[in-house]
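**Student:** Provided herewith: upload_23.cif, mmCIF, C-alpha atoms.
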```cif
data_start
#
loop_
_atom_site.label_atom_id
_atom_site.label_comp_id
_atom_site.auth_asym_id
_atom_site.auth_seq_id
_atom_site.Cartn_x
_atom_site.Cartn_y
_atom_site.Cartn_z
CA MET A 1 58.91 -7.42 8.45
CA SER A 2 60.44 -4.75 6.33
CA MET A 3 57.25 -3.54 4.69
CA HIS A 4 57.28 -0.15 6.43
CA ARG A 5 60.97 0.56 6.15
CA ASN A 6 62.43 3.44 4.27
CA PRO A 7 65.01 3.01 1.45
CA ASN A 8 67.82 4.09 3.76
CA ASP A 9 67.06 1.15 6.03
CA TRP A 10 67.34 -1.15 3.05
CA ALA A 11 70.64 0.43 2.09
CA PHE A 12 71.97 0.06 5.60
CA GLU A 13 70.84 -3.57 5.72
CA ASP A 14 72.74 -4.21 2.49
CA GLU A 15 75.79 -2.53 3.95
CA LEU A 16 75.45 -4.69 7.04
CA VAL A 17 75.21 -7.86 4.99
CA ASP A 18 78.38 -6.80 3.14
CA LEU A 19 80.06 -6.14 6.44
CA PHE A 20 78.96 -9.54 7.77
CA GLU A 21 80.98 -11.12 5.01
CA GLU A 22 84.09 -9.76 6.70
CA TYR A 23 83.30 -11.93 9.70
CA THR A 24 85.15 -14.94 8.40
CA ILE A 25 85.82 -18.07 10.40
CA GLU A 26 88.93 -20.14 10.77
CA TYR A 27 87.70 -23.69 11.01
CA PRO A 28 89.46 -26.45 12.96
CA SER A 29 91.99 -28.43 10.96
CA ASP A 30 91.05 -31.75 9.39
CA PHE A 31 93.13 -33.44 12.04
CA GLU A 32 91.02 -31.81 14.78
CA ILE A 33 87.79 -32.73 12.99
CA GLN A 34 89.08 -36.29 12.68
CA LYS A 35 89.75 -36.28 16.44
CA THR A 36 86.13 -35.31 17.07
CA ILE A 37 84.93 -38.06 14.75
CA HIS A 38 87.10 -40.52 16.63
CA THR A 39 85.51 -39.44 19.92
CA LEU A 40 82.03 -39.73 18.36
CA CYS A 41 82.61 -43.37 17.35
CA GLN A 42 81.78 -44.57 20.87
CA TYR A 43 78.35 -42.87 20.70
CA VAL A 44 77.23 -44.59 17.50
CA PRO A 45 74.48 -47.09 18.40
CA LYS A 46 75.95 -50.54 18.81
CA LYS A 47 75.47 -52.79 15.84
CA LYS A 48 73.88 -56.11 16.74
CA ARG A 49 76.34 -58.53 15.16
CA THR A 50 74.74 -61.56 13.65
CA LEU A 51 76.02 -63.98 11.06
CA ARG A 52 73.80 -62.23 8.54
CA HIS A 53 75.44 -58.88 9.28
CA SER A 54 78.88 -60.39 8.76
CA ILE A 55 77.79 -61.93 5.46
CA ASP A 56 76.24 -58.60 4.42
CA ASP A 57 79.48 -56.80 5.27
CA MET A 58 81.48 -59.29 3.25
CA VAL A 59 79.15 -59.01 0.26
CA GLN A 60 79.31 -55.22 0.51
CA LEU A 61 83.11 -55.33 0.63
CA ILE A 62 83.24 -57.57 -2.45
CA ASN A 63 80.80 -55.32 -4.34
CA ARG A 64 82.80 -52.26 -3.45
CA SER A 65 85.99 -53.99 -4.53
CA GLY A 66 84.36 -54.67 -7.89
CA GLN A 67 83.78 -50.94 -8.28
CA GLU A 68 87.30 -50.12 -7.12
CA VAL A 69 88.78 -52.22 -9.95
CA LEU A 70 87.71 -49.45 -12.33
CA TYR A 71 89.66 -46.84 -10.39
CA ILE A 72 92.94 -48.73 -10.22
CA HIS A 73 95.41 -47.34 -12.70
CA ALA A 74 96.36 -49.40 -15.77
CA PHE A 75 100.01 -48.79 -14.84
CA TYR A 76 99.59 -51.05 -11.82
CA TRP A 77 98.06 -53.94 -13.77
CA ILE A 78 100.72 -53.73 -16.49
CA THR A 79 103.77 -53.24 -14.26
CA THR A 80 102.83 -56.14 -12.04
CA LEU A 81 102.26 -58.36 -15.04
CA LEU A 82 105.64 -57.32 -16.46
CA PHE A 83 107.40 -58.20 -13.22
CA PHE A 84 105.98 -61.69 -13.36
CA ALA A 85 106.79 -62.07 -17.05
CA LEU A 86 110.37 -61.09 -16.22
CA GLY A 87 110.45 -63.62 -13.40
CA PHE A 88 109.27 -66.34 -15.72
CA TYR A 89 111.79 -65.29 -18.37
CA PHE A 90 114.70 -65.32 -15.91
CA THR A 91 113.77 -68.73 -14.58
CA MET A 92 113.21 -70.36 -17.94
CA VAL A 93 115.75 -68.65 -20.18
CA VAL A 94 118.50 -67.45 -17.84
CA HIS A 95 117.93 -70.49 -15.59
CA SER A 96 117.73 -68.63 -12.31
CA ASP A 97 116.63 -70.55 -9.24
CA PRO A 98 112.79 -70.70 -9.54
CA TYR A 99 112.31 -70.83 -5.76
CA LEU A 100 114.39 -67.75 -5.16
CA MET A 101 112.75 -66.05 -8.12
CA ILE A 102 109.27 -66.60 -6.70
CA ALA A 103 110.45 -65.60 -3.22
CA THR A 104 111.85 -62.32 -4.56
CA LEU A 105 108.87 -61.52 -6.77
CA SER A 106 105.99 -62.59 -4.53
CA PRO A 107 105.81 -59.38 -2.41
CA VAL A 108 106.21 -57.05 -5.43
CA PRO A 109 102.54 -56.92 -6.55
CA PHE A 110 101.53 -56.19 -2.98
CA LEU A 111 104.06 -53.38 -2.63
CA LEU A 112 103.02 -51.90 -5.97
CA GLY A 113 99.41 -52.28 -4.92
CA LEU A 114 99.95 -50.19 -1.79
CA PHE A 115 100.39 -47.18 -4.10
CA GLU A 116 96.88 -47.86 -5.35
CA VAL A 117 95.42 -48.56 -1.91
CA PHE A 118 96.58 -45.23 -0.48
CA LYS A 119 96.34 -43.34 -3.78
CA GLY A 120 93.54 -40.95 -2.74
CA ARG A 121 95.31 -40.14 0.49
CA GLU A 122 98.44 -39.07 -1.34
CA HIS A 123 96.62 -36.94 -3.88
CA GLY A 124 94.08 -35.33 -1.55
CA LEU A 125 91.21 -36.94 -3.42
CA LEU A 126 89.74 -38.57 -0.39
CA GLU A 127 87.54 -35.61 0.44
CA ILE A 128 85.75 -36.23 -2.83
CA GLU A 129 85.47 -39.89 -2.01
CA MET A 130 84.15 -38.97 1.41
CA ALA A 131 81.09 -37.51 -0.29
CA CYS A 132 79.97 -41.07 -0.84
CA LYS A 133 78.51 -43.37 1.74
CA PHE A 134 81.67 -45.32 2.48
CA SER A 135 84.42 -44.30 4.81
CA VAL A 136 88.01 -43.90 3.73
CA GLN A 137 88.89 -47.06 5.64
CA GLN A 138 86.29 -49.08 3.77
CA ILE A 139 87.67 -47.80 0.49
CA PHE A 140 91.21 -48.79 1.53
CA LEU A 141 90.00 -52.26 2.50
CA SER A 142 88.20 -52.79 -0.81
CA ARG A 143 91.31 -51.80 -2.74
CA LEU A 144 93.38 -54.08 -0.56
CA LEU A 145 91.07 -56.92 -1.48
CA VAL A 146 91.44 -56.12 -5.20
CA ILE A 147 95.23 -56.08 -5.16
CA SER A 148 95.37 -59.21 -2.99
CA ALA A 149 93.11 -61.07 -5.43
CA TYR A 150 95.16 -59.93 -8.44
CA HIS A 151 98.32 -60.89 -6.62
CA PHE A 152 96.94 -64.33 -5.83
CA VAL A 153 95.95 -64.92 -9.45
CA LEU A 154 99.33 -63.85 -10.82
CA THR A 155 101.45 -65.79 -8.36
CA SER A 156 99.32 -68.90 -8.84
CA LEU A 157 99.75 -68.52 -12.58
CA LEU A 158 103.50 -68.23 -12.21
CA ALA A 159 103.64 -71.26 -9.92
CA ILE A 160 101.54 -73.33 -12.36
CA LEU A 161 103.68 -72.27 -15.31
CA LEU A 162 106.94 -73.02 -13.49
CA THR A 163 105.81 -76.46 -12.33
CA ASN A 164 104.54 -77.27 -15.82
CA PHE A 165 107.79 -76.30 -17.49
CA ASP A 166 109.98 -77.85 -14.83
CA THR A 167 108.44 -81.02 -13.41
CA SER A 168 111.23 -81.43 -10.86
CA LEU A 169 109.91 -78.49 -8.85
CA ALA A 170 108.25 -79.33 -5.53
CA ILE A 171 104.95 -77.50 -5.21
CA SER A 172 105.03 -77.49 -1.38
CA LYS A 173 108.47 -75.89 -1.37
CA LEU A 174 107.33 -73.38 -3.97
CA LEU A 175 104.39 -72.44 -1.75
CA MET A 176 106.68 -71.90 1.23
CA TYR A 177 108.99 -69.68 -0.80
CA TRP A 178 105.96 -67.80 -2.03
CA PHE A 179 104.06 -67.27 1.21
CA THR A 180 106.84 -66.58 3.70
CA PRO A 181 108.37 -63.43 2.16
CA LEU A 182 104.96 -62.26 0.99
CA THR A 183 103.33 -62.37 4.41
CA ILE A 184 106.33 -60.86 6.23
CA VAL A 185 106.76 -58.02 3.73
CA ALA A 186 103.00 -57.40 3.54
CA ALA A 187 102.66 -57.12 7.32
CA ILE A 188 105.66 -54.81 7.74
CA SER A 189 105.01 -52.61 4.71
CA PHE A 190 101.28 -52.24 5.40
CA SER A 191 102.04 -51.22 8.96
CA ILE A 192 104.56 -48.59 7.81
CA ALA A 193 102.45 -47.30 4.89
CA SER A 194 99.31 -46.89 6.99
CA LYS A 195 101.19 -44.82 9.59
CA ILE A 196 103.45 -42.71 7.41
CA ARG A 197 102.04 -40.73 4.51
CA GLY A 198 103.76 -40.07 1.23
CA GLY A 199 104.60 -41.79 -2.02
CA VAL A 200 108.29 -41.70 -1.03
CA VAL A 201 107.61 -44.19 1.74
CA LEU A 202 105.98 -46.60 -0.68
CA THR A 203 108.77 -46.21 -3.24
CA SER A 204 111.36 -46.76 -0.50
CA LEU A 205 109.57 -49.91 0.68
CA LEU A 206 109.58 -51.33 -2.84
CA THR A 207 113.23 -50.43 -3.45
CA CYS A 208 114.26 -51.79 -0.06
CA TRP A 209 112.58 -55.10 -0.73
CA LEU A 210 114.11 -55.45 -4.19
CA ILE A 211 117.58 -54.68 -2.84
CA ILE A 212 117.22 -56.85 0.27
CA GLY A 213 115.47 -59.68 -1.59
CA VAL A 214 117.96 -59.85 -4.46
CA SER A 215 121.03 -59.41 -2.22
CA LEU A 216 119.92 -61.95 0.40
CA PHE A 217 119.27 -64.64 -2.13
CA GLN A 218 122.71 -64.11 -3.67
CA ILE A 219 124.44 -65.19 -0.45
CA PRO A 220 125.00 -68.96 -0.55
CA LEU A 221 124.99 -69.25 3.24
CA ILE A 222 121.52 -67.77 3.43
CA THR A 223 120.08 -69.76 0.54
CA GLU A 224 121.44 -72.93 2.12
CA TRP A 225 119.85 -72.01 5.42
CA PHE A 226 116.51 -71.43 3.66
CA GLU A 227 116.92 -74.84 2.01
CA HIS A 228 117.54 -76.76 5.20
CA VAL A 229 115.50 -74.95 7.81
CA SER A 230 112.54 -76.88 9.13
CA ILE A 231 109.13 -76.21 7.60
CA ILE A 232 107.86 -75.41 11.11
CA TYR A 233 109.87 -72.14 11.11
CA TYR A 234 108.27 -71.14 7.83
CA LEU A 235 104.84 -71.89 9.22
CA ILE A 236 105.49 -69.93 12.43
CA LEU A 237 106.67 -66.92 10.42
CA ILE A 238 103.63 -67.11 8.14
CA ILE A 239 101.18 -67.40 11.04
CA LEU A 240 102.77 -64.49 12.92
CA SER A 241 102.79 -62.24 9.85
CA VAL A 242 99.22 -63.10 8.86
CA SER A 243 98.03 -62.44 12.41
CA TYR A 244 99.73 -59.04 12.51
CA PHE A 245 98.38 -58.15 9.06
CA THR A 246 94.82 -59.16 10.06
CA TYR A 247 95.12 -57.15 13.27
CA GLN A 248 96.04 -54.08 11.22
CA CYS A 249 93.09 -54.64 8.88
CA PHE A 250 90.74 -54.72 11.89
CA ASN A 251 92.32 -51.54 13.17
CA LEU A 252 91.82 -49.96 9.80
CA LYS A 253 88.19 -51.03 9.82
CA ARG A 254 87.69 -49.43 13.22
CA SER A 255 89.24 -46.26 11.76
CA VAL A 256 91.58 -45.75 14.67
CA GLN A 257 94.89 -45.95 12.96
CA ILE A 258 95.20 -44.06 9.76
CA GLU A 259 95.99 -40.41 9.62
CA THR A 260 93.84 -39.61 6.67
CA PHE A 261 93.92 -35.89 6.20
CA ASN A 262 96.39 -33.08 6.43
CA MET V 1 75.33 -39.08 -2.83
CA PRO V 2 73.25 -40.48 0.06
CA THR V 3 70.63 -38.25 1.64
CA ASP V 4 70.71 -37.27 5.31
CA ASP V 5 67.86 -39.66 6.05
CA GLU V 6 69.68 -42.57 4.42
CA LEU V 7 72.79 -41.80 6.45
CA ILE V 8 70.76 -41.53 9.67
CA GLU V 9 69.24 -44.92 8.96
CA GLU V 10 72.76 -46.34 8.56
CA VAL V 11 73.93 -44.66 11.78
CA ARG V 12 70.97 -46.17 13.63
CA LYS V 13 72.09 -49.56 12.40
CA GLY V 14 75.52 -48.85 13.87
CA SER V 15 77.47 -47.62 10.85
CA GLN V 16 80.43 -45.52 11.92
CA ALA V 17 81.17 -44.73 8.28
CA ALA V 18 77.75 -43.09 7.88
CA MET V 19 78.31 -41.16 11.12
CA GLU V 20 81.62 -39.87 9.74
CA VAL V 21 80.07 -38.70 6.48
CA LEU V 22 77.14 -37.07 8.31
CA THR V 23 79.44 -35.32 10.79
CA ARG V 24 81.74 -34.02 8.06
CA ARG V 25 78.73 -32.79 6.11
CA TYR V 26 77.52 -30.57 8.99
CA TYR V 27 80.64 -29.96 11.06
CA LYS V 28 81.49 -26.55 9.62
CA LEU V 29 77.92 -25.29 9.76
CA ILE V 30 77.58 -26.15 13.45
CA TYR V 31 81.05 -24.87 14.29
CA ALA V 32 80.33 -21.57 12.51
CA ILE V 33 77.06 -21.06 14.40
CA LEU V 34 78.70 -21.80 17.73
CA TYR V 35 81.73 -19.70 16.94
CA ARG V 36 79.58 -16.71 16.07
CA ARG V 37 77.64 -17.22 19.29
CA THR V 38 80.65 -17.62 21.57
CA GLY V 39 83.45 -15.88 19.69
CA ASP V 40 85.95 -18.41 21.02
CA PRO V 41 87.53 -21.11 18.81
CA SER V 42 88.36 -23.51 21.60
CA ILE V 43 84.93 -23.31 23.28
CA SER V 44 83.27 -23.65 19.87
CA TYR V 45 85.35 -26.75 19.12
CA ASP V 46 84.28 -28.41 22.39
CA LEU V 47 80.65 -27.35 22.00
CA THR V 48 80.57 -28.65 18.41
CA GLN V 49 81.76 -32.04 19.61
CA GLU V 50 79.12 -32.06 22.36
CA VAL V 51 76.40 -31.12 19.86
CA PHE V 52 77.29 -34.12 17.70
CA ILE V 53 77.36 -36.35 20.78
CA LYS V 54 73.84 -35.13 21.65
CA MET V 55 72.80 -35.74 18.07
CA LEU V 56 74.02 -39.36 18.25
CA LYS V 57 72.46 -39.96 21.65
CA GLY V 58 69.14 -38.67 20.40
CA ILE V 59 69.24 -40.07 16.89
CA ASP V 60 66.39 -42.45 17.63
CA THR V 61 64.15 -39.53 18.55
CA TYR V 62 64.74 -37.75 15.24
CA SER V 63 61.69 -37.97 13.04
CA GLN V 64 61.79 -37.33 9.33
CA ARG V 65 58.95 -34.83 9.62
CA SER V 66 61.51 -32.08 10.13
CA GLN V 67 64.72 -31.53 8.19
CA PHE V 68 67.82 -33.04 9.78
CA ARG V 69 69.68 -29.75 9.30
CA THR V 70 67.02 -27.85 11.23
CA TRP V 71 66.98 -30.51 13.96
CA LEU V 72 70.77 -30.36 14.32
CA ILE V 73 70.85 -26.55 14.45
CA THR V 74 68.14 -26.69 17.14
CA ILE V 75 70.39 -28.97 19.20
CA ALA V 76 73.29 -26.54 18.67
CA ILE V 77 71.26 -23.48 19.69
CA ASN V 78 69.84 -25.21 22.78
CA HIS V 79 73.24 -26.54 23.73
CA CYS V 80 74.70 -23.08 23.45
CA ARG V 81 71.93 -21.69 25.67
CA ASP V 82 72.71 -24.43 28.23
CA TYR V 83 76.36 -23.47 28.05
CA TYR V 84 75.57 -19.83 28.87
CA LYS V 85 73.46 -21.00 31.81
CA SER V 86 76.17 -23.39 33.00
CA LYS V 87 78.46 -22.87 35.98
CA VAL V 88 81.48 -23.05 33.73
CA PHE V 89 80.39 -19.95 31.91
CA LYS V 90 79.10 -18.12 34.97
CA GLN V 91 82.28 -18.70 36.95
CA GLY V 92 84.03 -16.77 34.23
CA SER V 93 86.44 -19.56 33.38
CA ALA V 94 85.31 -19.36 29.82
CA GLU V 95 85.71 -15.74 28.97
CA VAL V 96 84.96 -14.72 25.45
CA VAL V 97 88.11 -14.14 23.50
CA LEU V 98 87.48 -11.48 20.98
CA GLU V 99 91.04 -11.02 19.85
CA ASP V 100 91.67 -14.31 18.12
CA THR V 101 93.97 -14.06 15.16
CA HIS V 102 92.83 -14.91 11.70
CA ILE V 103 95.38 -13.58 9.29
CA ASP V 104 96.20 -14.71 5.82
CA GLU V 105 99.93 -14.13 5.45
CA ARG V 106 99.72 -14.01 1.68
CA GLN V 107 97.93 -10.69 1.83
CA ASN V 108 99.69 -7.38 2.22
CA VAL V 109 99.95 -5.79 5.65
CA PRO V 110 97.63 -2.71 5.31
CA PHE V 111 94.98 -4.92 3.75
CA ILE V 112 95.30 -7.45 6.53
CA PHE V 113 94.88 -4.72 9.15
CA GLU V 114 91.86 -3.29 7.40
CA LYS V 115 90.24 -6.70 7.04
CA LYS V 116 91.07 -7.63 10.61
CA GLU V 117 89.72 -4.33 11.90
CA LYS V 118 86.43 -4.80 10.05
CA ARG V 119 86.16 -8.39 11.22
CA GLU V 120 86.75 -7.42 14.85
CA GLN V 121 84.23 -4.59 14.49
CA VAL V 122 81.52 -7.01 13.33
CA LYS V 123 82.50 -9.60 15.90
CA ARG V 124 82.31 -7.08 18.75
CA ALA V 125 79.01 -5.66 17.50
CA ILE V 126 77.42 -9.12 17.35
CA ALA V 127 78.81 -10.01 20.76
CA GLU V 128 77.06 -6.96 22.20
CA LEU V 129 73.61 -8.08 21.02
CA PRO V 130 71.23 -9.70 23.52
CA GLU V 131 71.23 -13.49 23.15
CA PRO V 132 67.82 -13.97 21.44
CA ASN V 133 68.57 -11.22 18.92
CA LYS V 134 72.04 -12.57 18.33
CA GLU V 135 70.60 -16.01 17.50
CA CYS V 136 68.24 -14.51 14.93
CA ILE V 137 70.95 -12.46 13.22
CA ILE V 138 73.39 -15.37 13.07
CA LEU V 139 70.86 -17.81 11.68
CA LYS V 140 69.26 -15.36 9.28
CA TYR V 141 72.24 -13.50 7.87
CA PHE V 142 75.15 -15.91 8.29
CA HIS V 143 73.41 -19.18 7.59
CA ASP V 144 70.55 -18.05 5.32
CA LEU V 145 67.80 -19.67 7.34
CA THR V 146 64.23 -18.52 6.76
CA PHE V 147 62.21 -16.87 9.52
CA GLU V 148 60.04 -20.00 9.62
CA GLU V 149 63.09 -22.20 10.20
CA ILE V 150 64.42 -19.84 12.85
CA SER V 151 61.08 -19.87 14.63
CA ILE V 152 61.17 -23.69 14.74
CA ILE V 153 64.79 -23.78 15.89
CA THR V 154 64.37 -21.18 18.61
CA SER V 155 60.85 -22.37 19.61
CA SER V 156 59.49 -18.87 19.13
CA ASN V 157 56.62 -17.66 17.05
CA LEU V 158 57.20 -16.11 13.66
CA SER V 159 56.38 -12.54 14.61
CA THR V 160 58.72 -12.71 17.61
CA VAL V 161 61.55 -13.88 15.37
CA LYS V 162 60.89 -11.06 12.92
CA SER V 163 60.79 -8.42 15.62
CA ARG V 164 63.94 -9.78 17.26
CA THR V 165 65.74 -9.65 13.93
CA ARG V 166 64.48 -6.11 13.33
CA ARG V 167 65.62 -5.09 16.79
CA ALA V 168 69.02 -6.72 16.22
CA LEU V 169 69.47 -4.82 12.98
CA ASP V 170 68.59 -1.56 14.70
CA LEU V 171 71.05 -2.27 17.46
CA LEU V 172 73.76 -3.16 14.96
CA LYS V 173 72.98 0.04 13.13
CA GLN V 174 73.68 1.95 16.32
CA ILE V 175 76.76 -0.03 17.28
CA LEU V 176 78.34 0.04 13.86
CA GLY V 177 77.77 3.73 13.31
CA GLY V 178 74.35 3.46 11.87
CA GLU V 179 73.33 6.52 13.84
CA GLU V 180 75.52 8.68 11.66
CA HIS V 181 74.15 6.96 8.62
CA GLU V 182 70.58 7.56 9.77
CA HIS V 183 71.39 11.16 10.66
CA ALA V 184 72.78 11.74 7.19
CA SER V 185 69.76 10.18 5.54
CA LYS V 186 67.35 12.22 7.67
CA SER V 187 69.22 15.35 6.67
CA GLU V 188 68.84 14.39 3.06
CA ARG V 189 65.12 13.78 3.47
CA LEU V 190 64.64 17.14 5.17
CA GLY V 191 66.54 18.85 2.41
CA PHE V 192 69.48 20.11 4.47
#
```
Would you write out, as structure tokens, the structure that this file holds?
**Tutor:**
Amino acid sequence: MSMHRNPNDWAFEDELVDLFEEYTIEYPSDFEIQKTIHTLCQYVPKKKRTLRHSIDDMVQLINRSGQEVLYIHAFYWITTLLFFALGFYFTMVVHSDPYLMIATLSPVPFLLGLFEVFKGREHGLLEIEMACKFSVQQIFLSRLLVISAYHFVLTSLLAILLTNFDTSLAISKLLMYWFTPLTIVAAISFSIASKIRGGVVLTSLLTCWLIIGVSLFQIPLITEWFEHVSIIYYLILIILSVSYFTYQCFNLKRSVQIETFN
Amino acid sequence: MPTDDELIEEVRKGSQAAMEVLTRRYYKLIYAILYRRTGDPSISYDLTQEVFIKMLKGIDTYSQRSQFRTWLITIAINHCRDYYKSKVFKQGSAEVVLEDTHIDERQNVPFIFEKKEKREQVKRAIAELPEPNKECIILKYFHDLTFEEISIITSSNLSTVKSRTRRALDLLKQILGGEEHEHASKSERLGF
């Protein structure tokens, strides 16, 4: 094209190209881009759901969780372990009530784990993670699976240790004291943490639980009520909390709920 | 990092996650092209969304013989042409806004004015170009596409694309004061 042009044309073209660089663009915010992506979701071809797809999804989630283990900070593993060691120590040495101890401690690993689940979001690292094939929501879900599994292992370990050291403990009662606060706190805190950004929210949730948990179980009237209330109430509370938590996980999977970017 | 073709395969299977990654990968490119064509942030935002909707609706027709990027830009260029032919545009409800603000407050005031002035100058000059020439300039100089790619995207032959680009440069030369520049260079050549 420019074979027959004189040097002045070249110079002017260079000047033009330099001038073009002044024509900068202000792009839409990440929130606006996210809004577009949300609108686009309905145009993605519909996935034909079969049992095989569901199994594939589950396997993929487990594989991803395996990879996520490597990215979870050592601080989380150690702190959670320390909390449980303290719980065991207080029950065995200081002779605190083992039921109340497990009730107070059971939501702690989950609350600590929420820091890890939403870690990228708080530190702006999610854009890097977005370069991979998985969505932010899938990454959150895999981390959630990791912390839930770790939580399950630790609490089971504590329950086994307590029942071994104190044979008078009723395992069914221990399970009730374990599951009820855990499911309620998990449902409420996950709902709050997925809607409101910021490490302060997570710290506040953890502090609130420790204050509320410890204070509540110091009041004899309340502990007596917990002792005598019918098991049906526990079960209703557990079912309601688990349902709400599952509903939120589905929402997360559909990427409709979380405000991911600035 | 997954390739475009891998992501497209996932989108075809119904993966919203793959759609999100693919959209984020090309969002700014498409927005920039449309913005430079229309000069209006809000129209460009809407058009960008519509381009991605068209992309998803036609994802089954995409063949790996061409690059996805080229295919997507083709959709954007055609969609923009449709927009200019549309009633919405013709009724004048979507007037081009040339005076949008784009100021970085961290910079000092004279510098901001100078930058803004230059930016507006370029923006106005490009807006004055005829549509086919404008397309060529935007794709060639703002998005580094080759003439071959532009000819595929605009469904024109290679020589047409080259001559349109040449013509656009000449017009820009005139609009942006190139006449003076040319006059000065002629004077130099003639020994004045």
**Student:** Could you tell me how far CA of Thr163 (chain A) sits from CA of Met92 (chain A), in Å to one decimal place?
**Tutor:**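 Pair CA of Met92 (chain A) / CA of Thr163 (chain A) returns 11.1 Å.
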**Student:** Residues of chain V were defined as contacting chain A if any atom lay at most 8 Å from it, counting only C-alpha atoms; please report them as a PyMOL selection string.
**Tutor:** chain V and resi 1-2+7+11-21+23-24+27-28+31-32+35+45+49+52-53+56-57+102+115+118-120+122-123+141-142+162-163+166+169+173+178+181-182+185
**Student:** Expanded to explicit residues, what is the PyMOL selection byres ((chain A and resi 110-118) around 8) for this file, as a list in words?
**Tutor:**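 Expected selection for the PyMOL selection byres ((chain A and resi 110-118) around 8) here is Ile72, His73, Tyr76, Thr80, Ser106, Pro107, Val108, Pro109, Lys119, Gly120, Arg121, Glu122, Phe140, Leu141, Arg143, Leu144, Ile147, Ser148, His151, Ala186, Ser189, Phe190, Ala193, Gly199, Leu202, Leu205 and Leu206 of chain A.
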**Student:** I'd like the box whose edges run along x, y and z of the file and which contains every listed atom of region 210-213 of chain A, padded by 4 Å per side; could you state its centre and edge lengths in Å, one decimal, as JSON?
**Tutor:**
```
{"center_x": 115.8, "center_y": -57.2, "center_z": -2.0, "size_x": 11.5, "size_y": 13.0, "size_z": 12.5}
```
**Student:** Report as a list in words the full result of the PyMOL selection byres ((chain V and resi 172) around 9) when it is applied to this structure.
**Tutor:**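 When the PyMOL selection byres ((chain V and resi 172) around 9) is applied to the shown file, the picked residues are Leu16 of chain A; Val122, Ala125, Ile126, Glu128, Leu129, Arg167, Ala168, Leu169, Asp170, Leu171, Lys173, Gln174, Ile175, Leu176, Gly177 and Gly178 of chain V.
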**Student:** Report as number ranges by chain the full result of the PyMOL selection byres ((chain A and resi 230-244) around 7) when it is applied to this structure.
**Tutor:** A: 176, 179-180, 183-184, 187, 228-229, 245-248
**Student:** What's the separation between CA of Ile150 (chain V) and CA of Pro132 (chain V), in Å to one decimal place?
**Tutor:**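 If I compute the distance from CA of Ile150 (chain V) to CA of Pro132 (chain V), I get 10.9 Å.
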**Student:** Kindly give the distance, in Å, that separates CA of Ala85 (chain A) and CA of Leu158 (chain A), rounded to a single decimal.
**Tutor:**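 Result for CA of Ala85 (chain A) versus CA of Leu158 (chain A): 8.5 Å, one decimal.
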**Student:** Would you mind listing what lies within 9 Å of Glu135 (chain V) as a list in words, with all atoms listed in the file counted and same-chain residues fewer than 6 positions away left out?
**Tutor:**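 Near neighbours after the sequence-gap exclusion: Ile33, Arg37, Ile77, Ile150, Thr154 and Thr165 of chain V.
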**Student:** Using all atoms listed in the file, pick whichever of V:Leu22, V:Glu117, V:Arg164, V:Asp40 has the shortest atom-to-atom distance to Asp5 (chain V).
**Tutor:** V:Leu22
**Student:** Given only C-alpha atoms as the basis, pick out the residue of V:Ser86, V:Val51, V:Thr74, V:Arg81 nearest to Ser151 (chain V).
**Tutor:**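 The closest residue to Ser151 (chain V) is V:Thr74.
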**Student:** How would you write as a short mmCIF file (atom, residue, chain, number, x, y, z; two decimals) with C-alpha atoms, in the coordinates of the input the residues that get within 10 Å of (87.1, -54.1, -6.1) in the file's frame, counting all atoms listed in the file?
**Tutor:**
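The file below, result.cif, is the result:
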```
data_model
loop_
_atom_site.label_atom_id
_atom_site.label_comp_id
_atom_site.auth_asym_id
_atom_site.auth_seq_id
_atom_site.Cartn_x
_atom_site.Cartn_y
_atom_site.Cartn_z
CA LEU A 61 83.11 -55.33 0.63
CA ILE A 62 83.24 -57.57 -2.45
CA ASN A 63 80.80 -55.32 -4.34
CA ARG A 64 82.80 -52.26 -3.45
CA SER A 65 85.99 -53.99 -4.53
CA GLY A 66 84.36 -54.67 -7.89
CA GLN A 67 83.78 -50.94 -8.28
CA GLU A 68 87.30 -50.12 -7.12
CA VAL A 69 88.78 -52.22 -9.95
CA LEU A 70 87.71 -49.45 -12.33
CA TYR A 71 89.66 -46.84 -10.39
CA ILE A 72 92.94 -48.73 -10.22
CA ILE A 139 87.67 -47.80 0.49
CA LEU A 141 90.00 -52.26 2.50
CA SER A 142 88.20 -52.79 -0.81
CA ARG A 143 91.31 -51.80 -2.74
CA LEU A 144 93.38 -54.08 -0.56
CA LEU A 145 91.07 -56.92 -1.48
CA VAL A 146 91.44 -56.12 -5.20
CA ILE A 147 95.23 -56.08 -5.16
CA ALA A 149 93.11 -61.07 -5.43
#
```
